Each structure stands twice: as structure tokens, then as C-alpha cells.
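S.K.: Okay, so here is upload-v7.cif, and as you'll see once you scroll down, it has mmCIF, C-alpha atoms.
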```cif
data_structure
#
loop_
_atom_site.label_atom_id
_atom_site.label_comp_id
_atom_site.auth_asym_id
_atom_site.auth_seq_id
_atom_site.Cartn_x
_atom_site.Cartn_y
_atom_site.Cartn_z
CA ALA A 1 0.00 0.00 0.00
CA ALA A 2 2.89 2.36 0.73
CA GLU A 3 3.98 1.96 -2.90
CA GLY A 4 0.57 3.03 -4.14
CA VAL A 5 -0.94 -0.44 -4.60
CA ASP A 6 -4.51 -1.18 -3.53
CA VAL A 7 -4.38 -4.24 -1.26
CA ILE A 8 -7.14 -6.67 -0.30
CA ASP A 9 -6.19 -8.57 2.86
CA LEU A 10 -7.78 -12.04 2.92
CA GLY A 11 -6.51 -12.75 6.43
CA THR A 12 -5.60 -16.40 6.99
CA ALA A 13 -6.27 -18.07 3.66
CA THR A 14 -4.98 -21.06 1.71
CA THR A 15 -2.83 -20.59 -1.36
CA PRO A 16 -5.58 -22.00 -3.64
CA MET A 17 -8.06 -19.50 -2.17
CA VAL A 18 -5.71 -16.61 -2.94
CA ALA A 19 -5.25 -17.92 -6.49
CA PHE A 20 -9.03 -18.25 -6.84
CA GLU A 21 -9.67 -14.69 -5.65
CA ALA A 22 -6.91 -13.40 -7.96
CA GLN A 23 -8.68 -15.14 -10.85
CA ARG A 24 -12.16 -14.01 -9.75
CA LEU A 25 -11.11 -10.37 -9.37
CA GLY A 26 -8.56 -10.28 -12.20
CA VAL A 27 -5.76 -9.06 -9.93
CA MET A 28 -2.36 -10.20 -8.67
CA GLY A 29 -2.05 -12.44 -5.62
CA ALA A 30 0.55 -12.82 -2.89
CA VAL A 31 0.82 -15.42 -0.12
CA VAL A 32 3.12 -15.47 2.90
CA SER A 33 3.48 -19.18 3.52
CA ALA A 34 5.69 -21.95 4.84
CA SER A 35 4.08 -24.20 2.20
CA HIS A 36 5.04 -27.75 3.22
CA ASN A 37 8.08 -26.62 5.22
CA PRO A 38 8.76 -25.72 8.88
CA TYR A 39 7.69 -22.21 9.91
CA GLY A 40 11.28 -20.98 9.71
CA ASP A 41 11.20 -21.45 5.93
CA ASN A 42 8.36 -18.97 5.42
CA GLY A 43 8.46 -17.35 2.00
CA ILE A 44 6.32 -15.43 -0.47
CA LYS A 45 4.35 -16.93 -3.34
CA LEU A 46 3.22 -14.59 -6.11
CA PHE A 47 0.46 -15.01 -8.68
CA ALA A 48 0.05 -13.04 -11.87
CA PRO A 49 -3.28 -11.29 -12.56
CA GLY A 50 -5.81 -14.10 -13.02
CA GLY A 51 -4.22 -16.37 -10.41
CA THR A 52 -1.52 -18.06 -12.51
CA LYS A 53 2.04 -18.88 -11.43
CA LEU A 54 4.88 -16.65 -12.60
CA THR A 55 7.43 -17.81 -15.14
CA ASP A 56 11.09 -18.28 -14.20
CA ASP A 57 11.99 -15.17 -16.21
CA VAL A 58 9.49 -12.97 -14.40
CA GLU A 59 10.61 -14.29 -11.00
CA ALA A 60 14.22 -13.48 -11.86
CA ARG A 61 13.23 -9.95 -12.90
CA ILE A 62 11.31 -9.45 -9.64
CA GLU A 63 14.32 -10.57 -7.59
CA SER A 64 16.49 -8.12 -9.51
CA VAL A 65 14.10 -5.24 -8.89
CA LEU A 66 13.81 -6.09 -5.18
CA GLU A 67 17.54 -5.64 -4.75
CA SER A 68 17.33 -2.09 -6.09
CA LEU A 69 14.24 -0.90 -4.19
CA GLY A 70 14.66 1.98 -1.77
CA ASP A 71 12.17 3.55 0.60
CA PRO A 72 8.52 3.71 -0.52
CA THR A 73 7.69 6.70 -2.68
CA GLY A 74 4.49 8.23 -4.04
CA SER A 75 1.01 8.19 -2.60
CA ALA A 76 -0.26 5.30 -0.55
CA GLY A 77 -2.73 2.77 -1.91
CA ARG A 78 -5.85 1.57 -0.18
CA LEU A 79 -5.80 -1.30 2.29
CA GLY A 80 -9.03 -3.24 2.62
CA THR A 81 -10.07 -6.60 4.02
CA HIS A 82 -12.08 -9.46 2.55
CA ASP A 83 -12.39 -12.46 4.83
CA ASP A 84 -15.47 -13.99 3.20
CA ALA A 85 -14.61 -17.53 2.13
CA GLY A 86 -18.04 -18.00 0.60
CA PRO A 87 -17.08 -17.60 -3.07
CA TYR A 88 -14.14 -19.98 -2.78
CA SER A 89 -16.14 -22.55 -0.81
CA ALA A 90 -18.88 -22.47 -3.44
CA HIS A 91 -16.23 -22.89 -6.13
CA VAL A 92 -14.88 -26.07 -4.49
CA LEU A 93 -18.33 -27.53 -3.84
CA ALA A 94 -19.34 -26.84 -7.45
CA PHE A 95 -16.90 -29.58 -8.47
CA LEU A 96 -19.45 -32.10 -7.18
CA ASP A 97 -22.00 -30.94 -9.75
CA GLY A 98 -24.86 -31.36 -7.29
CA ARG A 99 -23.61 -34.60 -5.68
CA ASP A 100 -22.75 -34.89 -1.99
CA LEU A 101 -20.34 -36.85 0.22
CA ALA A 102 -22.90 -38.07 2.74
CA GLY A 103 -22.14 -41.47 4.27
CA ILE A 104 -18.36 -41.07 4.07
CA LYS A 105 -16.34 -40.71 7.27
CA VAL A 106 -13.06 -38.91 6.69
CA VAL A 107 -10.21 -37.77 8.94
CA LEU A 108 -8.84 -34.37 7.92
CA ASP A 109 -5.29 -33.38 8.91
CA ALA A 110 -5.11 -29.61 8.44
CA ALA A 111 -1.33 -29.44 9.09
CA ASN A 112 -1.83 -26.66 11.68
CA GLY A 113 -1.92 -24.41 8.64
CA ALA A 114 -4.22 -22.24 6.58
CA GLY A 115 -6.56 -25.13 5.78
CA CYS A 116 -7.79 -25.06 9.39
CA SER A 117 -9.87 -22.00 8.57
CA ILE A 118 -11.90 -23.48 5.75
CA ALA A 119 -11.37 -27.17 4.93
CA PRO A 120 -13.50 -28.70 7.74
CA ASP A 121 -16.46 -26.45 6.89
CA VAL A 122 -16.30 -27.26 3.17
CA LEU A 123 -16.14 -31.02 3.68
CA ARG A 124 -19.01 -30.88 6.16
CA ALA A 125 -21.02 -28.70 3.82
CA ALA A 126 -20.56 -31.45 1.23
CA GLY A 127 -22.12 -33.90 3.67
CA ALA A 128 -19.07 -35.82 4.88
CA ASP A 129 -18.64 -36.94 8.48
CA VAL A 130 -15.37 -35.19 9.35
CA VAL A 131 -12.89 -35.82 12.16
CA VAL A 132 -10.41 -32.94 12.29
CA ILE A 133 -6.84 -33.19 13.61
CA ALA A 134 -3.80 -30.86 13.57
CA ALA A 135 -6.05 -27.80 13.45
CA ASP A 136 -4.62 -25.65 16.25
CA PRO A 137 -2.01 -23.38 14.64
CA ASP A 138 0.19 -21.25 16.88
CA GLY A 139 2.45 -19.76 14.21
CA ARG A 140 5.23 -22.26 14.83
CA ASN A 141 3.66 -25.71 14.57
CA ILE A 142 2.73 -25.62 10.89
CA ASN A 143 3.70 -28.94 9.25
CA ASP A 144 5.32 -29.99 12.54
CA GLY A 145 4.82 -33.76 12.66
CA CYS A 146 1.57 -33.42 10.78
CA GLY A 147 0.09 -32.74 7.35
CA ALA A 148 0.99 -34.09 3.94
CA THR A 149 4.68 -34.46 4.82
CA HIS A 150 3.85 -36.62 7.88
CA PRO A 151 0.94 -38.87 6.83
CA GLU A 152 1.60 -41.27 9.68
CA LEU A 153 -0.48 -38.97 11.92
CA VAL A 154 -3.63 -39.10 9.81
CA ALA A 155 -3.05 -42.82 9.15
CA ALA A 156 -3.17 -43.57 12.87
CA ALA A 157 -6.26 -41.40 13.30
CA VAL A 158 -8.10 -43.18 10.47
CA VAL A 159 -7.57 -46.54 12.16
CA GLN A 160 -8.46 -45.11 15.57
CA HIS A 161 -11.75 -43.59 14.39
CA GLY A 162 -12.70 -46.34 11.94
CA ALA A 163 -12.89 -43.82 9.09
CA ASP A 164 -13.30 -44.70 5.43
CA LEU A 165 -10.20 -42.69 4.53
CA GLY A 166 -8.02 -39.80 5.60
CA VAL A 167 -6.76 -36.68 3.83
CA ALA A 168 -3.75 -34.58 4.85
CA LEU A 169 -3.19 -31.07 3.56
CA ASP A 170 0.13 -29.27 3.70
CA GLY A 171 0.53 -25.92 5.44
CA ASP A 172 -0.89 -23.75 2.66
CA ALA A 173 -3.31 -26.46 1.47
CA ASP A 174 -2.18 -26.63 -2.15
CA ARG A 175 -1.25 -30.32 -1.90
CA LEU A 176 -2.89 -33.46 -0.55
CA ILE A 177 -1.78 -36.91 0.56
CA ALA A 178 -4.46 -39.49 1.40
CA VAL A 179 -4.59 -42.72 3.39
CA ASP A 180 -7.06 -45.56 2.92
CA GLY A 181 -9.17 -47.21 5.62
CA THR A 182 -6.27 -49.45 6.68
CA GLY A 183 -3.96 -46.47 7.18
CA THR A 184 -1.95 -47.14 4.02
CA VAL A 185 -0.65 -44.00 2.29
CA VAL A 186 -2.12 -43.08 -1.11
CA ASP A 187 0.38 -40.64 -2.59
CA GLY A 188 0.05 -38.06 -5.33
CA ASP A 189 0.88 -40.54 -8.09
CA HIS A 190 -1.97 -42.81 -7.03
CA ILE A 191 -4.37 -39.90 -6.58
CA ILE A 192 -3.61 -38.61 -10.07
CA ALA A 193 -3.95 -42.11 -11.54
CA ILE A 194 -7.31 -42.55 -9.80
CA CYS A 195 -8.59 -39.18 -10.98
CA ALA A 196 -7.29 -39.73 -14.53
CA ALA A 197 -9.13 -43.03 -14.85
CA ASP A 198 -12.30 -41.53 -13.40
CA LEU A 199 -12.27 -38.46 -15.65
CA ARG A 200 -11.52 -40.54 -18.73
CA GLY A 201 -14.35 -42.90 -17.86
CA ARG A 202 -16.71 -39.94 -17.75
CA GLY A 203 -15.34 -38.38 -20.94
CA GLN A 204 -13.80 -35.43 -19.07
CA LEU A 205 -10.06 -36.11 -19.47
CA ALA A 206 -9.05 -33.69 -22.19
CA ASN A 207 -7.01 -35.30 -24.96
CA ASP A 208 -6.91 -38.52 -22.90
CA THR A 209 -3.74 -37.02 -21.42
CA VAL A 210 -2.28 -36.43 -17.97
CA VAL A 211 0.71 -34.22 -17.13
CA VAL A 212 3.24 -35.30 -14.47
CA THR A 213 6.86 -34.58 -13.52
CA VAL A 214 10.08 -36.55 -13.73
CA MET A 215 9.59 -37.52 -10.06
CA THR A 216 6.48 -39.55 -10.91
CA ASN A 217 6.92 -43.26 -10.28
CA LEU A 218 7.60 -45.47 -13.28
CA GLY A 219 4.66 -47.60 -12.17
CA PHE A 220 2.36 -44.66 -12.97
CA ARG A 221 3.61 -44.50 -16.54
CA LEU A 222 3.15 -48.24 -16.99
CA ALA A 223 -0.42 -48.07 -15.61
CA MET A 224 -1.36 -45.16 -17.87
CA ASP A 225 0.03 -47.02 -20.87
CA VAL A 226 -2.21 -50.00 -20.10
CA ALA A 227 -5.19 -47.65 -19.62
CA GLY A 228 -4.58 -45.92 -22.94
CA ILE A 229 -3.89 -42.56 -21.30
CA ASN A 230 -1.10 -40.39 -22.70
CA VAL A 231 1.55 -39.03 -20.30
CA VAL A 232 3.32 -35.69 -20.72
CA GLU A 233 6.40 -35.26 -18.50
CA THR A 234 7.81 -31.97 -17.15
CA GLY A 235 10.50 -30.80 -14.78
CA VAL A 236 9.83 -30.81 -11.04
CA GLY A 237 7.46 -28.07 -9.90
CA ASP A 238 3.76 -27.44 -10.24
CA ARG A 239 4.44 -24.36 -12.35
CA TYR A 240 5.89 -26.56 -15.09
CA VAL A 241 2.90 -28.88 -14.88
CA LEU A 242 0.64 -25.84 -15.21
CA GLU A 243 2.57 -24.58 -18.24
CA ALA A 244 2.24 -27.98 -19.96
CA LEU A 245 -1.47 -28.18 -19.12
CA GLY A 246 -2.06 -24.78 -20.69
CA ALA A 247 0.14 -25.38 -23.72
CA GLY A 248 -1.53 -28.68 -24.55
CA GLY A 249 -5.06 -27.87 -23.49
CA HIS A 250 -5.00 -30.76 -21.00
CA SER A 251 -7.23 -30.99 -17.93
CA LEU A 252 -5.33 -32.97 -15.26
CA GLY A 253 -1.81 -32.99 -13.94
CA GLY A 254 0.25 -33.01 -10.80
CA GLU A 255 3.12 -34.29 -8.71
CA GLN A 256 3.87 -37.29 -6.53
CA SER A 257 4.14 -34.88 -3.58
CA GLY A 258 0.40 -34.23 -3.75
CA HIS A 259 -0.02 -31.19 -5.97
CA VAL A 260 -2.99 -32.11 -8.16
CA ILE A 261 -4.26 -29.62 -10.72
CA PHE A 262 -7.71 -29.80 -12.23
CA ALA A 263 -7.10 -27.24 -14.96
CA ASP A 264 -10.78 -26.94 -15.87
CA HIS A 265 -11.55 -25.84 -12.32
CA ALA A 266 -8.46 -24.12 -10.84
CA THR A 267 -5.33 -22.21 -11.75
CA THR A 268 -3.13 -24.00 -9.22
CA GLY A 269 -2.90 -27.18 -7.18
CA ASP A 270 -5.63 -27.32 -4.56
CA GLY A 271 -5.53 -29.88 -1.74
CA LEU A 272 -9.11 -29.26 -0.62
CA LEU A 273 -10.49 -29.54 -4.15
CA THR A 274 -8.50 -32.75 -4.60
CA ALA A 275 -9.89 -34.14 -1.35
CA VAL A 276 -13.44 -33.45 -2.52
CA ALA A 277 -12.71 -35.08 -5.90
CA LEU A 278 -11.15 -38.18 -4.30
CA ILE A 279 -13.91 -38.68 -1.73
CA ASP A 280 -16.48 -38.21 -4.50
CA ILE A 281 -14.87 -41.05 -6.48
CA VAL A 282 -14.93 -43.32 -3.42
CA LYS A 283 -18.62 -42.63 -2.86
CA ARG A 284 -19.66 -43.01 -6.51
CA SER A 285 -17.69 -46.24 -6.92
CA GLU A 286 -19.07 -47.79 -3.71
CA ARG A 287 -15.61 -49.28 -3.22
CA SER A 288 -12.88 -48.70 -0.65
CA LEU A 289 -10.02 -46.33 -1.43
CA ALA A 290 -7.65 -49.27 -0.88
CA ASP A 291 -9.26 -51.22 -3.74
CA ILE A 292 -9.41 -48.20 -6.03
CA ALA A 293 -5.77 -47.28 -5.41
CA SER A 294 -4.61 -50.88 -5.93
CA ASP A 295 -6.35 -51.03 -9.30
CA ALA A 296 -5.07 -47.62 -10.39
CA MET A 297 -1.34 -48.43 -10.36
CA THR A 298 1.46 -50.35 -8.66
CA SER A 299 4.47 -48.32 -7.55
CA LEU A 300 7.96 -49.59 -8.20
CA PRO A 301 10.23 -49.44 -5.13
CA GLN A 302 11.57 -45.93 -4.76
CA SER A 303 14.19 -44.52 -2.41
CA LEU A 304 14.58 -40.79 -1.81
CA VAL A 305 17.53 -39.34 0.12
CA ASN A 306 17.73 -35.62 0.95
CA VAL A 307 21.24 -34.28 1.42
CA ARG A 308 21.58 -30.89 3.12
CA ILE A 309 24.20 -28.70 1.49
CA ALA A 310 25.96 -25.42 2.29
CA GLU A 311 25.04 -23.65 -0.95
CA ARG A 312 22.57 -24.31 -3.75
CA VAL A 313 23.89 -26.38 -6.68
CA PRO A 314 21.40 -25.86 -9.52
CA ASP A 315 23.47 -27.89 -12.00
CA VAL A 316 24.07 -30.84 -9.70
CA ALA A 317 22.93 -33.43 -12.26
CA GLU A 318 25.38 -32.12 -14.86
CA ARG A 319 28.22 -32.12 -12.36
CA LEU A 320 27.51 -35.74 -11.36
CA VAL A 321 26.80 -37.08 -14.81
CA ASP A 322 29.53 -39.74 -14.67
CA GLU A 323 28.54 -41.03 -11.21
CA ILE A 324 24.88 -41.14 -12.20
CA ALA A 325 25.72 -43.06 -15.38
CA VAL A 326 27.49 -45.75 -13.35
CA VAL A 327 24.44 -46.29 -11.13
CA GLU A 328 22.06 -46.29 -14.11
CA ALA A 329 24.17 -48.97 -15.79
CA GLU A 330 23.96 -51.11 -12.65
CA LEU A 331 20.16 -50.76 -12.50
CA GLY A 332 19.54 -51.48 -16.16
CA ALA A 333 16.15 -51.08 -17.82
CA THR A 334 14.21 -51.74 -14.60
CA GLY A 335 15.57 -48.71 -12.76
CA ARG A 336 15.69 -44.93 -12.89
CA VAL A 337 17.85 -42.22 -11.26
CA LEU A 338 17.02 -38.57 -10.62
CA VAL A 339 19.32 -36.10 -8.83
CA ARG A 340 18.08 -32.54 -8.45
CA PRO A 341 18.22 -29.51 -6.12
CA SER A 342 15.21 -28.69 -3.96
CA GLY A 343 13.28 -25.66 -5.12
CA THR A 344 12.58 -24.43 -1.58
CA GLU A 345 15.31 -25.73 0.74
CA PRO A 346 19.14 -26.07 0.73
CA LEU A 347 18.89 -29.74 -0.21
CA ILE A 348 19.89 -32.05 -3.03
CA ARG A 349 17.33 -34.80 -3.59
CA VAL A 350 18.58 -38.20 -4.76
CA MET A 351 15.82 -40.47 -6.04
CA VAL A 352 16.29 -44.02 -7.29
CA GLU A 353 13.68 -46.51 -8.56
CA ALA A 354 14.59 -50.16 -8.95
CA ALA A 355 13.16 -53.64 -9.19
CA SER A 356 13.60 -54.15 -5.43
CA ALA A 357 13.54 -51.86 -2.41
CA ASP A 358 17.00 -53.00 -1.30
CA GLN A 359 18.48 -52.22 -4.69
CA ALA A 360 16.85 -48.78 -4.79
CA GLU A 361 18.03 -47.92 -1.27
CA ALA A 362 21.59 -49.08 -1.90
CA ALA A 363 21.86 -47.09 -5.13
CA ALA A 364 20.38 -43.96 -3.53
CA ASP A 365 22.78 -44.21 -0.57
CA GLN A 366 25.69 -44.66 -2.98
CA LEU A 367 24.86 -41.44 -4.82
CA ALA A 368 24.04 -39.56 -1.62
CA LYS A 369 27.54 -40.27 -0.32
CA VAL A 370 28.96 -38.76 -3.50
CA VAL A 371 26.78 -35.66 -3.03
CA ARG A 372 27.89 -35.25 0.61
CA THR A 373 31.54 -35.61 -0.36
CA LYS A 374 31.37 -33.00 -3.11
CA PHE A 375 28.83 -30.45 -1.88
CA ALA A 376 27.97 -30.80 1.82
#
```
Take the structure in the file and write it out as C-alpha cells.

M.R.:
Amino acid sequence: AAEGVDVIDLGTATTPMVAFEAQRLGVMGAVVSASHNPYGDNGIKLFAPGGTKLTDDVEARIESVLESLGDPTGSAGRLGTHDDAGPYSAHVLAFLDGRDLAGIKVVLDAANGAGCSIAPDVLRAAGADVVVIAADPDGRNINDGCGATHPELVAAAVVQHGADLGVALDGDADRLIAVDGTGTVVDGDHIIAICAADLRGRGQLANDTVVVTVMTNLGFRLAMDVAGINVVETGVGDRYVLEALGAGGHSLGGEQSGHVIFADHATTGDGLLTAVALIDIVKRSERSLADIASDAMTSLPQSLVNVRIAERVPDVAERLVDEIAVVEAELGATGRVLVRPSGTEPLIRVMVEAASADQAEAAADQLAKVVRTKFA
């Protein structure tokens, strides 16, 4: 406001709600959020007018301008508030097209984050019987042992309460991880596979295509091939999935981490919208989530090792090309290696898929040791 910008303060709101309001009002959006990280990693997410993610080029230009900004100049803008979640709630519920979720008991893990303020009300408005956990934020406990990055909490609660399934948001509620009635995790790959099959069966999967990232399990690709669904692959990050969805006119995409994007309904990943979609499939199918997830795909064993480093290494894969080639040769056609820097933390992520869990873990540990030696 001090720079002359008119600001609408939404108060505590999820990232998808901010994106929705930016689209509804045709304005920019900004979110202060820890996303899926501890509170100490709070950052700022920006949306272009219309609620779309910024390109890498625009983000770089913004960072450059920030470094040169001095004290605010010019006349002040207006600062107003808008804490009515009604439009966004109606937008999420509209996905059901008049159906409801009555008869389904679900445990909701709100990650002690922004989803606490809206997710329970929306799911109950849809008719679900909702048990809410991790919904007491204090500014420091966001994602702390709860939410999408710690699904063991919601898994235990599902078993304890005899629920049909559980859903765990992350701190800003733009991603979702689910668990079935036995407490078994249903990750983003499975959720996307389930939704892709459902949309295609109803004639709503544009171009019979789904967009995923290089982190997506090889088992997903094999399942989509059997189902006759095309797969478009992008780099890691929901912004790249969004770009591919827009460029190809596709309707569904996402990441293993739980970002799921229904491009016909939203401009960004939305954990609450995904929860509604998934529970709706369970109710319409009259089957358990465990059965649906088992039919959707079978994951190959995957091992992920995060190595904390002193400084970011954006070209880590290029600098380890020889070491990666050795491991890939050992794995053969039944394995896959991915080494990349985290987009939000000072980490290098080493991911290996293989025919067996032991083989995947051994290969990932082997590469992680190389990363620690060279960059930690």
C-alpha cells in the first residue's frame, strides 16, 4: 500500500483460495506461507493477474528489482479486508455438480496451517462426516509432525476412528496426501492415476492425457500405458505442470508430492479440491479407497535421500553425470535415477527406482555419499 498499490487482505487463507480470488477479481495475488516446510522457511508466493504462477523469467526480474528498491515513494494505496470464504467454498463444492459426500467418514489433517480456517467447513457442507486433527495453529507448529509431509499422523487417526479414509493437507493447502481405511498411504501418483481413470471414464479427461513430472513413479507411466492414457512429463514443480497443461489444453496434472491440478476448475494445485474429488470417487464407486488405489497403479520401489548442502547447486545433475551413469548402468532397464536440487530448501534430492527396495536404497545411498563428499 505504501507503494501506491490497492491491497485486499484475505486474512488467513490457503494458497488455492488466494489464487481463486486473484482469478475471480482479475488481480495479482501474494501469499506469505511456509508451504510444506517448517515455519522458519516462510516465503512469499506470487500469482500473476488471473491467479496463474509466474514464469522463471518474471521471478528473476522481480528478484532483480527487489535488490534495487529503496524507501517507498508516491502516494499510498488503499488497504481493505475481505475475509469472506463463501465464493471460494462455493467454487470447491461446485466440483461435485450437485452430488454430496454423505455417508463417508473422513479424517482431515489440516497441518496446523491455513486449511484449518476453511477445509472442515467445506467437507461438512458437502455432507461428509469429518474428524479434524492438527487444526490448532500457533504460528510455529505448521507442518510440525503433521500434514501431507507426515501422513503417519492421519493414518493412525483413520484406524483409531474407523474412518473410510483420511486426507492430509500441507501448510498452505495446495497439496494433498491421502490414506485408505487401513492407514496405508495413497500418494500423489496414485491420486492422479485414480482421478485420470475416473475423468476418462466420464469423458472429461481432455485429450486422454495427464501431465506429471520426472519424479512420478515409473509404475504410474506403466499403468497409464495399459489404460490408454497419454503421459506428458515436465521438470519438477507445479508451475511446469501448469505450463504444460495450458500449452496442450489438458485438464489434469500433478506431482507425486500431492499437488494435483484440475485445470478446468483451478489455476493452481488445490488440496481441498483434490480431497473433494477423491472422496467423491470413493462414494460413486461404492468401493474402498484401498481397492481403487490398488487397481489404479502399482508403484515400483523408490528410495529418496535428501542431502543438506551449504550452498545451492542448480546444475548438480550435470556435475555428477559420470557417477549417475554408473548407477544407471547397474540398475539397467528396470531402474531410474534422478538427482536434483530442492526448489525451496538447501537440499539435493537423490531419487532411485529399482526392481527391489533393497536395490533402490543401496543405489540412492551410494549417490548420496557422493553428493555429501562434493557439496555438503

S.K.: What does the PyMOL selection byres ((chain A and resi 102-119) around 7) select in this file, as a PyMOL selection string?

M.R.: chain A and resi 12-14+100-101+120-123+127-137+141-143+146-147+154+157-158+163-173+272

S.K.: Convert the current residue selection to file output with C-alpha atoms, as a short mmCIF file (atom, residue, chain, number, x, y, z; two decimals), in the coordinates of the input.

M.R.:
```cif
data_model
loop_
_atom_site.label_atom_id
_atom_site.label_comp_id
_atom_site.auth_asym_id
_atom_site.auth_seq_id
_atom_site.Cartn_x
_atom_site.Cartn_y
_atom_site.Cartn_z
CA THR A 12 -5.60 -16.40 6.99
CA ALA A 13 -6.27 -18.07 3.66
CA THR A 14 -4.98 -21.06 1.71
CA ASP A 100 -22.75 -34.89 -1.99
CA LEU A 101 -20.34 -36.85 0.22
CA PRO A 120 -13.50 -28.70 7.74
CA ASP A 121 -16.46 -26.45 6.89
CA VAL A 122 -16.30 -27.26 3.17
CA LEU A 123 -16.14 -31.02 3.68
CA GLY A 127 -22.12 -33.90 3.67
CA ALA A 128 -19.07 -35.82 4.88
CA ASP A 129 -18.64 -36.94 8.48
CA VAL A 130 -15.37 -35.19 9.35
CA VAL A 131 -12.89 -35.82 12.16
CA VAL A 132 -10.41 -32.94 12.29
CA ILE A 133 -6.84 -33.19 13.61
CA ALA A 134 -3.80 -30.86 13.57
CA ALA A 135 -6.05 -27.80 13.45
CA ASP A 136 -4.62 -25.65 16.25
CA PRO A 137 -2.01 -23.38 14.64
CA ASN A 141 3.66 -25.71 14.57
CA ILE A 142 2.73 -25.62 10.89
CA ASN A 143 3.70 -28.94 9.25
CA CYS A 146 1.57 -33.42 10.78
CA GLY A 147 0.09 -32.74 7.35
CA VAL A 154 -3.63 -39.10 9.81
CA ALA A 157 -6.26 -41.40 13.30
CA VAL A 158 -8.10 -43.18 10.47
CA ALA A 163 -12.89 -43.82 9.09
CA ASP A 164 -13.30 -44.70 5.43
CA LEU A 165 -10.20 -42.69 4.53
CA GLY A 166 -8.02 -39.80 5.60
CA VAL A 167 -6.76 -36.68 3.83
CA ALA A 168 -3.75 -34.58 4.85
CA LEU A 169 -3.19 -31.07 3.56
CA ASP A 170 0.13 -29.27 3.70
CA GLY A 171 0.53 -25.92 5.44
CA ASP A 172 -0.89 -23.75 2.66
CA ALA A 173 -3.31 -26.46 1.47
CA LEU A 272 -9.11 -29.26 -0.62
#
```

S.K.: Compile the contact shell of stretch 252-258 of chain A as number ranges by chain: residues with an atom at most 10 Å away, counting all atoms listed in the file, same-chain residues fewer than 3 positions apart removed.

M.R.: A: 36, 148-149, 168-170, 174-178, 186-193, 195-196, 199, 204-206, 208-217, 220, 231-234, 236-242, 244-245, 249, 261-265, 268-271, 274

S.K.: Pick out the closest residue to A:Thr52 from this set: A:Phe375, A:Tyr88, A:Phe95, A:Phe20. Count all atoms listed in the file.

M.R.: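 The closest residue to A:Thr52 is A:Phe20.
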
S.K.: Please measure the separation of atom CA of A:Leu300 and atom CA of A:Arg221, giving the value in Å to one decimal.

M.R.: 10.7 Å

S.K.: Enter the distance from atom CA of A:Thr344 to atom CA of A:His91, in Å, rounded to one decimal.

M.R.: 29.2 Å

S.K.: What does the distance between atom CA of A:Val326 and atom CA of A:Leu222 come to in Å, to one decimal place?

M.R.: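 The value is 24.7 Å.
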
S.K.: Applying 12 Å and only C-alpha atoms, which residues near A:Gly26 remain after dropping the ones on its own chain fewer than 5 positions away? List them as a ChimeraX atom specification.

M.R.: /A:18-21,47-52

S.K.: Translate the PyMOL selection byres ((chain A and resi 355) around 12) into a concrete residue list for this structure, as number ranges by chain.

M.R.: A: 218-219, 299-303, 330-336, 352-354, 356-361, 363

S.K.: Would you please work out which residue, of A:Met297, A:Glu328, A:Pro341, A:Pro16, is nearest to A:Pro314 when using only C-alpha atoms?

M.R.: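 Distance minimum relative to A:Pro314 lands on A:Pro341.
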
S.K.: Of the candidates A:Ser342, A:Thr55, A:Thr182, A:Thr373, which shows the shortest atom-to-atom distance to A:Arg312, using all atoms listed in the file?

M.R.: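 Of all the options, A:Ser342 lies closest to A:Arg312.
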
S.K.: Nearest residue to A:Asn207 out of A:Thr15, A:Ser68, A:Asn306, A:Asn230, using all atoms listed in the file?

M.R.: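 When distances to A:Asn207 are compared using all atoms listed in the file, the smallest one comes from A:Asn230.
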
S.K.: Dig up all the protein and nucleic acid residues within 9 Å of (-2.2, 1.2, -1.7) in the file frame, using only C-alpha atoms, and format them as a PDB file with C-alpha atoms, in the coordinates of the input.

M.R.:
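Result file is out-v5.pdb:
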```pdb
ATOM      1  CA  ALA A   1       0.000   0.000   0.000  1.00  0.00           C
ATOM      2  CA  ALA A   2       2.890   2.360   0.730  1.00  0.00           C
ATOM      3  CA  GLU A   3       3.980   1.960  -2.900  1.00  0.00           C
ATOM      4  CA  GLY A   4       0.570   3.030  -4.140  1.00  0.00           C
ATOM      5  CA  VAL A   5      -0.940  -0.440  -4.600  1.00  0.00           C
ATOM      6  CA  ASP A   6      -4.510  -1.180  -3.530  1.00  0.00           C
ATOM      7  CA  VAL A   7      -4.380  -4.240  -1.260  1.00  0.00           C
ATOM      8  CA  SER A  75       1.010   8.190  -2.600  1.00  0.00           C
ATOM      9  CA  ALA A  76      -0.260   5.300  -0.550  1.00  0.00           C
ATOM     10  CA  GLY A  77      -2.730   2.770  -1.910  1.00  0.00           C
ATOM     11  CA  ARG A  78      -5.850   1.570  -0.180  1.00  0.00           C
ATOM     12  CA  LEU A  79      -5.800  -1.300   2.290  1.00  0.00           C
TER      13      LEU A  79
END
```

S.K.: Here is a test: counting only C-alpha atoms, which residue of A:Val92, A:Pro87, A:Leu54, A:Glu63 is nearest to A:Leu25?

M.R.: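 Going through A:Val92, A:Pro87, A:Leu54, A:Glu63 one by one, the smallest distance to A:Leu25 is for A:Pro87.
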
S.K.: Using all atoms listed in the file, find all polymer residues with an atom at most 10 Å away from the point (-13.5, -10.5, 4.8); report them as a PyMOL selection string.

M.R.: chain A and resi 8-11+80-86

S.K.: Given only C-alpha atoms as the basis, pick out the residue of A:Asn37, A:Val282, A:Gly29, A:Leu93 nearest to A:His150.

M.R.: A:Asn37

S.K.: If you count only C-alpha atoms, which residues fall within 10 Å of A:Val305, apart from same-chain ones fewer than 6 positions away, as a ChimeraX atom specification?

M.R.: /A:339,347-352,361,364-365,367-368

S.K.: Need to verify the contact set: A:Arg319, 12 Å, only C-alpha atoms, exclusion of same-chain residues closer than 4 positions in sequence. Can you return it as a PDB file with C-alpha atoms, in the frame of the given file?

M.R.:
```
ATOM      1  CA  VAL A 313      23.890 -26.380  -6.680  1.00  0.00           C
ATOM      2  CA  PRO A 314      21.400 -25.860  -9.520  1.00  0.00           C
ATOM      3  CA  ASP A 315      23.470 -27.890 -12.000  1.00  0.00           C
ATOM      4  CA  GLU A 323      28.540 -41.030 -11.210  1.00  0.00           C
ATOM      5  CA  ILE A 324      24.880 -41.140 -12.200  1.00  0.00           C
ATOM      6  CA  ALA A 325      25.720 -43.060 -15.380  1.00  0.00           C
ATOM      7  CA  VAL A 339      19.320 -36.100  -8.830  1.00  0.00           C
ATOM      8  CA  ARG A 340      18.080 -32.540  -8.450  1.00  0.00           C
ATOM      9  CA  VAL A 370      28.960 -38.760  -3.500  1.00  0.00           C
ATOM     10  CA  VAL A 371      26.780 -35.660  -3.030  1.00  0.00           C
ATOM     11  CA  LYS A 374      31.370 -33.000  -3.110  1.00  0.00           C
ATOM     12  CA  PHE A 375      28.830 -30.450  -1.880  1.00  0.00           C
TER      13      PHE A 375
END
```

S.K.: Which residues match the PyMOL selection byres ((chain A and resi 44) around 9) in the file above, as a CSV table (one decimal) with C-alpha atoms, in the coordinates of the input?

M.R.:
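Writing the result to part-v1.csv gives the following:
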```csv
chain,number,residue,atom,x,y,z
A,30,ALA,CA,0.6,-12.8,-2.9
A,31,VAL,CA,0.8,-15.4,-0.1
A,32,VAL,CA,3.1,-15.5,2.9
A,33,SER,CA,3.5,-19.2,3.5
A,34,ALA,CA,5.7,-22.0,4.8
A,42,ASN,CA,8.4,-19.0,5.4
A,43,GLY,CA,8.5,-17.4,2.0
A,45,LYS,CA,4.4,-16.9,-3.3
A,46,LEU,CA,3.2,-14.6,-6.1
```
